[in-house]
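Notes to accompany the following structure.
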Number of protein chains: 2
Amino acid sequence: MDKCTIVLLGATGDLAKRKLIPALYTLVANGKLKDFLFVGAAFEDVTVDEMLDQSLPFIEKGKIKSWELLKKRTVYQQLDFSYEEGFEYLTKLIEKLEKQYNLTGNRLVYCATSSDFFCLITKHLVKAGIIQKKKQEEKSWNRIIYEKPFGYDVASAHKINKCIAQLLYEHQIFRIDHYLTKELVSNIALVRFTNCVFEPLWNNRFIDNVQIILSEKICVEGRGIYYDKYGAILDVMQNHMLELLALIAMEMPKRLTGEFIRQERAKVLKDVNAVDLCMGQYEGYRESQGVDPESNTETFAMAYLRINNPRWSGVPFYLKTGKCLDKKETVIYMKFKKVECLLTKGCPQESNYLTIQIAPDAGFSLSLNVKKPGRLYEVVPVDMEFYHSCLWEEKSAEAYEVLFEEVIHGEQSVSVRFDEIEYAWKVIDELKKIDVPVYPYEPGSIGPFECDIFAKKHGMRWLS
Amino acid sequence: MDKCTIVLLGATGDLAKRKLIPALYTLVANGKLKDFLFVGAAFEDVTVDEMLDQSLPFIEKGKIKSWELLKKRTVYQQLDFSYEEGFEYLTKLIEKLEKQYNLTGNRLVYCATSSDFFCLITKHLVKAGIIQKKKQEEKSWNRIIYEKPFGYDVASAHKINKCIAQLLYEHQIFRIDHYLTKELVSNIALVRFTNCVFEPLWNNRFIDNVQIILSEKICVEGRGIYYDKYGAILDVMQNHMLELLALIAMEMPKRLTGEFIRQERAKVLKDVNAVDLCMGQYEGYRESQGVDPESNTETFAMAYLRINNPRWSGVPFYLKTGKCLDKKETVIYMKFKKVECLLTKGCPQESNYLTIQIAPDAGFSLSLNVKKPGRLYEVVPVDMEFYHSCLWEEKSAEAYEVLFEEVIHGEQSVSVRFDEIEYAWKVIDELKKIDVPVYPYEPGSIGPFECDIFAKKHGMRWLS
């Protein structure tokens, strides 16, 4: 990987602690990140040690030995994002250390902050010269990562886009969705387009419906203040789940990289419409720390979307997500149309679908109708399966590790393009306009009873 | 199952000993065959005990306890198939015992003899009244099974067909191929036609080629006299392998039973043409017991066939079989067309095929291109698998057990129809007209080197 300076804004936050610093640590530990400077910055007054050590519980035991390597190249700077002066001081610090470490001016700023600050922070960064508007041909690169959620509706996302587009080139901007770097997610397009078995069936002639499920067992826990402002739809549907939908539904890109994929994802998201919605809030949510005691924020949502293009016209896309549910699972089902089993004594309802399992296990399986052994033609469903863990013992890299790597390599497919993100927000705005109540549900359940009815009303059955 | 009398002609032969009597025994042991009479007949002068006991080594240990049950209802009759008189005596014996056991005249005669005798035996059976020409509506049924091979070319098969058609109705006649009762074989049509995933791809737009492989590790062993007369092509290609081809290639039948399947199998076999052939004989074959020391009989054959119909036009069907090879395996590969991997850095040659594994393990698998974990888009092949043994612990019934059951139930899909068998012979006659040498090969190898060249010449690669 290129020599570079990584500036993390929001370095004392939850994401930095749990994911970003551990990811950097791993990249250092496995020798991928060698020549670097890591600058943490946030509002809090902490030491380098305090900032780094908060991540220790999230690092695999027995791998702590590279901790010192990281620490040696790390500084922390207290910073109030609202004031220009701090950024100027930061520039001087960075320039001094880059000289000292013989770095070449490649810089990556990670905004792990609320999107309310994105415009202002970018202005300050550019003005202070930490990030400069640079053409792709230039020797060194300056890039900026904006953590999700990017705004809270089309209007706010558009406003941020407009602001940052005046300051930087699109190729410097990474509106990231770490889901796009999950092993199985980056596999979806490849499996679709390099196997003759799937692509011919991947359309409204053969697909009955598509189900995208992101279930969490954990409840809101320490994230009350953040979560209550956003809710399930903005927290995961707007980004992760719509990106999964885009990868499943997009047309074939010219190549499986960068701009080619973003182009197709944006194109398909433009054609998505919200049809119906069901929402829930788990009992006890309002008593959580940081949550408004009269909060009406949804912690569960079921959405029915359609894609108005020739390939998908008539195929429902169902999305389901929630916190405090009975299981943790991220999975996509492509349900094939049921064959009229005139040939036999009838076929089971629930067979004939492709499962793309993203978490907890990564793998693919195909549920097929086969003959039950014996003389009668009794049809039973069985699964043909493949799990990553069966073939590749080594754990796949964590999403944020891959993310840093890809951004440092300048691979834009992990980033959501300016128009793509606005199309996704358009879907969400449409969805949120659907005026439905938020039903209560029991923690540890499958969600509100009323959303079960909702599914039945639309004649669909969730495959899990 | 119906009460019935089972007459086995050729009761002291190899097939009776190894397969048929053990199958009857199992049907008695598991309570399926309750009210019956079993009459063994052959040229040899043996006792009931001698006839039955020859099968003891082929019966699972620990299951011998029902042996006495079978023995109690078994008689043996010495019989010269050439003389009418013996059959008359046999009739009297059967009638007497049927009365004694209160049987109702349902009769099944199994001709486990050379097809040279089929016509004559049938004449004698009908004349003596053991088997009578009976309409389907009649109260009791009389059925006859002809073991393969049914003739040795179109002309001889046609002659037998003509002879027996004058004596019996087609619904009484079972030209059997025990492969048709193997669990996975009867599954092929069901999997094809009850899954939306396969049928749309099952044609010349998506299939590159079809490979049907029946490899045996055992050499000719005790079957020299029989085998040397027939060879690999007549022994397994004409029947088992062409029936597999018919099931793979046939159009959708109206139902997955009896006449509907036979109709479609016959239709597709009619359109099969032989394109090319390669043959081999393993070294040492000529020294085997019963084999002509100057024999030119093939113990290995590779055939290239085509099907002249809209579905399969342009798709090569490759058949490969042999004795004394490196492994025992019966498998079918549906090789999908290669996707032009412009999207990535290229795709592996050998991915993207469906495997229908018939023996030794029963199962399906689909070889797919997926992304190798990591940041580069490296494509690797993996298998999605399903094996019967994973889901159903109990061993599937042996083919001949199912065969008896199906015939007693009058299920005609296990029988090859008069025209179907002649179409199969037509393919074989065409194939045998191709004038090619018989190449030697080493026992335990993959076959003659020259047949490897043959495959390359046709631009194909065997998937195993």
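Residue numbers start at 1 in each chain; chains themselves are named A, B, ... in the order of the structure tokens; ligands are numbered from 1 in the order shown.
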Show me, as a PyMOL selection string, the residues that have an atom within 12 Å of Pro149 of chain B when counting only C-alpha atoms, minus same-chain residues fewer than 4 positions from it. chain B and resi 111-118+145+153-154+156-157+160+175-178+226-227+229-240+416+421-422+424-425
Contacts of chain A with chain B up to 8 Å, shortest pair per row, only C-alpha atoms, as a tab-separated table:
residue	atom	partner	partner_atom	distance
A:Glu183	CA	B:Pro373	CA	6.3
A:Ser186	CA	B:Lys371	CA	7.9
A:Asn187	CA	B:Lys371	CA	5.5
A:Leu190	CA	B:Val370	CA	6.4
A:Val191	CA	B:Val370	CA	5.3
A:Phe193	CA	B:Val339	CA	7.9
A:Thr194	CA	B:Val339	CA	5.7
A:Asn195	CA	B:Asn352	CA	6.1
A:Cys196	CA	B:Val339	CA	6.0
A:Val197	CA	B:Asn352	CA	7.1
A:Pro200	CA	B:Leu201	CA	7.7
A:Leu201	CA	B:Val197	CA	7.2
A:Phe206	CA	B:Cys196	CA	7.0
A:Pro253	CA	B:Leu343	CA	7.6
A:Lys254	CA	B:Leu343	CA	6.2
A:Arg255	CA	B:Leu343	CA	4.1
A:Leu256	CA	B:Leu343	CA	5.3
A:Phe336	CA	B:Cys196	CA	6.2
A:Lys337	CA	B:Cys196	CA	6.3
A:Lys338	CA	B:Cys196	CA	6.7
A:Val339	CA	B:Thr194	CA	5.7
A:Glu340	CA	B:Thr194	CA	7.6
A:Cys341	CA	B:Thr194	CA	6.2
A:Leu342	CA	B:Arg255	CA	6.8
A:Leu343	CA	B:Arg255	CA	4.1
A:Thr344	CA	B:Leu256	CA	6.3
A:Cys347	CA	B:Thr194	CA	7.5
A:Asn352	CA	B:Asn195	CA	6.0
A:Phe364	CA	B:Met384	CA	7.5
A:Ser365	CA	B:Met384	CA	6.7
A:Leu366	CA	B:Met384	CA	7.8
A:Leu368	CA	B:Asn195	CA	6.4
A:Asn369	CA	B:Val191	CA	6.1
A:Val370	CA	B:Val191	CA	5.4
A:Lys371	CA	B:Asn187	CA	5.5
A:Pro373	CA	B:Glu183	CA	6.3
A:Gly374	CA	B:Ser396	CA	7.3
A:Arg375	CA	B:Val402	CA	6.9
A:Tyr377	CA	B:Leu256	CA	8.0
A:Val382	CA	B:Phe386	CA	7.5
A:Asp383	CA	B:Phe386	CA	6.3
A:Met384	CA	B:Glu385	CA	4.5
A:Glu385	CA	B:Met384	CA	4.5
A:Phe386	CA	B:Met384	CA	4.6
A:Ser396	CA	B:Pro373	CA	6.4
A:Ala397	CA	B:Gly374	CA	7.4
A:Val402	CA	B:Arg375	CA	7.0
A:Glu406	CA	B:Arg375	CA	7.5
TODO: Counting only C-alpha atoms, figure out which residue out of B:Leu90, B:Leu8, B:Leu27, B:Cys219 gets nearest to Glu147 of chain B.
DONE: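 When distances to Glu147 of chain B are compared using only C-alpha atoms, the smallest one comes from B:Leu8.
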Enumerate, as a list in words, the complete set of residues in segment 8-67 of chain A that a backbone-based DSSP assignment places in strand (DSSP E or B). Leu8, Leu9, Phe36, Leu37, Phe38, Val39, Gly40, Ala41 and Ala42 of chain A
Using only C-alpha atoms, the residue out of B:Lys217, B:Arg205, B:Arg265, B:Lys328 with shortest distance to Arg311 of chain B is B:Arg205
Q) Can you tell me, as a VMD selection string, what residues are no more than 10 Å from Gly105 of chain A when counting only C-alpha atoms, ignoring any on the same chain fewer than 2 positions away? A) chain A and resid 3 to 5 94 to 95 98 to 99 102 to 103 107 to 108 130 to 131 139 to 142
TODO: Write out as an MDAnalysis selection string the residues lying within 7 Å of segment 300-304 of chain B, counting only C-alpha atoms and excluding same-chain residues fewer than 6 positions away.
DONE: chainID B and resid 232:233 274:281 316:323 447
Using C-alpha atoms, can you export the residues from the last selection as an mmCIF file, in the first residue's frame?
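Saved as again_22.cif:
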data_model
loop_
_atom_site.group_PDB
_atom_site.id
_atom_site.type_symbol
_atom_site.label_atom_id
_atom_site.label_comp_id
_atom_site.auth_asym_id
_atom_site.auth_seq_id
_atom_site.Cartn_x
_atom_site.Cartn_y
_atom_site.Cartn_z
ATOM 1 C CA ALA B 232 -18.605 -52.462 -23.266
ATOM 2 C CA ILE B 233 -20.876 -50.839 -25.822
ATOM 3 C CA ALA B 274 -23.526 -41.408 -33.492
ATOM 4 C CA VAL B 275 -20.735 -39.049 -34.531
ATOM 5 C CA ASP B 276 -17.495 -40.639 -33.446
ATOM 6 C CA LEU B 277 -16.055 -43.469 -31.372
ATOM 7 C CA CYS B 278 -12.865 -44.538 -29.609
ATOM 8 C CA MET B 279 -12.358 -48.038 -28.146
ATOM 9 C CA GLY B 280 -9.928 -49.833 -25.905
ATOM 10 C CA GLN B 281 -9.161 -53.255 -24.463
ATOM 11 C CA PRO B 316 -22.224 -32.855 -28.008
ATOM 12 C CA PHE B 317 -23.162 -35.739 -25.722
ATOM 13 C CA TYR B 318 -20.059 -37.640 -24.696
ATOM 14 C CA LEU B 319 -20.266 -41.143 -23.231
ATOM 15 C CA LYS B 320 -17.348 -42.901 -21.593
ATOM 16 C CA THR B 321 -17.285 -46.361 -20.083
ATOM 17 C CA GLY B 322 -14.810 -49.057 -19.312
ATOM 18 C CA LYS B 323 -13.761 -51.936 -17.119
ATOM 19 C CA GLY B 447 -8.142 -45.849 -20.577
#
Exercise for the section: Just the helix (DSSP H, G or I) stuff from segment 245-342 of chain A, please, per backbone DSSP, written as a count of residues only. Expected result: 23
Separating atom CA of Arg262 of chain B from atom CA of Ala249 of chain B, to the nearest tenth of an Å, is a gap of 12.8 Å
Practice item. Quote the spacing between atom CA of Gly284 of chain B and atom CA of Lys327 of chain B in Å to one decimal place. Key: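 Here the two named atoms are 18.0 Å from each other.
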Next item on the list: Rounded to one decimal place, report the atom CA of Met241 of chain A-atom CA of Tyr285 of chain A distance in Å.
Entry: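 Between atom CA of Met241 of chain A and atom CA of Tyr285 of chain A the gap works out to 22.8 Å.
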* Can you pull out every residue within 12 Å of Ala29 of chain B, counting only C-alpha atoms, but drop anything in the same chain fewer than 2 positions away, and send it as a ChimeraX atom specification? => /B:22-27,31-34,59-60,62-71,401
If you keep C-alpha atoms, can you produce a file of those selected residues as a compact mmCIF listing (two decimals), in the first residue's frame?
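In the end it all went to selection.txt:
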# COMPACT_ATOMS: atom_id res chain seq x y z
CA PRO B 22 -31.08 -61.14 -2.46
CA ALA B 23 -33.63 -58.56 -3.62
CA LEU B 24 -36.51 -60.99 -3.05
CA TYR B 25 -35.08 -61.86 0.31
CA THR B 26 -34.97 -58.20 1.33
CA LEU B 27 -38.56 -57.65 0.19
CA GLY B 31 -42.42 -57.20 5.09
CA LYS B 32 -43.14 -55.87 1.63
CA LEU B 33 -43.56 -59.27 0.04
CA LYS B 34 -45.96 -61.22 2.25
CA ILE B 59 -27.11 -60.80 1.93
CA GLU B 60 -26.30 -58.38 4.68
CA GLY B 62 -27.54 -59.79 10.75
CA LYS B 63 -30.49 -59.87 8.43
CA ILE B 64 -30.47 -63.62 7.80
CA LYS B 65 -33.40 -64.27 10.12
CA SER B 66 -36.09 -63.99 7.40
CA TRP B 67 -34.33 -66.59 5.30
CA GLU B 68 -36.69 -69.33 6.53
CA LEU B 69 -39.73 -67.25 5.59
CA LEU B 70 -38.54 -67.09 2.01
CA LYS B 71 -37.51 -70.74 1.92
CA GLU B 401 -35.63 -54.49 -5.02
Write out as an mmCIF file with C-alpha atoms, in the first residue's frame the residues lying within 10 Å of Gly290 of chain B, counting only C-alpha atoms and excluding same-chain residues fewer than 2 positions away.
data_model
loop_
_atom_site.group_PDB
_atom_site.id
_atom_site.type_symbol
_atom_site.label_atom_id
_atom_site.label_comp_id
_atom_site.auth_asym_id
_atom_site.auth_seq_id
_atom_site.Cartn_x
_atom_site.Cartn_y
_atom_site.Cartn_z
ATOM 1 C CA VAL B 220 -14.132 -58.886 -16.512
ATOM 2 C CA GLU B 221 -13.713 -61.403 -13.653
ATOM 3 C CA GLY B 222 -16.013 -64.440 -13.892
ATOM 4 C CA ARG B 223 -18.126 -63.011 -16.707
ATOM 5 C CA GLY B 224 -15.715 -63.770 -19.581
ATOM 6 C CA ILE B 225 -18.013 -65.902 -21.724
ATOM 7 C CA TYR B 226 -20.871 -63.418 -21.569
ATOM 8 C CA TYR B 227 -18.766 -60.280 -21.767
ATOM 9 C CA ASP B 228 -16.612 -61.344 -24.679
ATOM 10 C CA LYS B 229 -19.737 -61.809 -26.775
ATOM 11 C CA ARG B 286 -7.528 -61.986 -23.539
ATOM 12 C CA GLU B 287 -6.072 -64.202 -20.827
ATOM 13 C CA SER B 288 -9.283 -64.023 -18.784
ATOM 14 C CA ASP B 292 -11.239 -65.709 -26.852
ATOM 15 C CA PRO B 293 -7.395 -65.428 -26.799
#
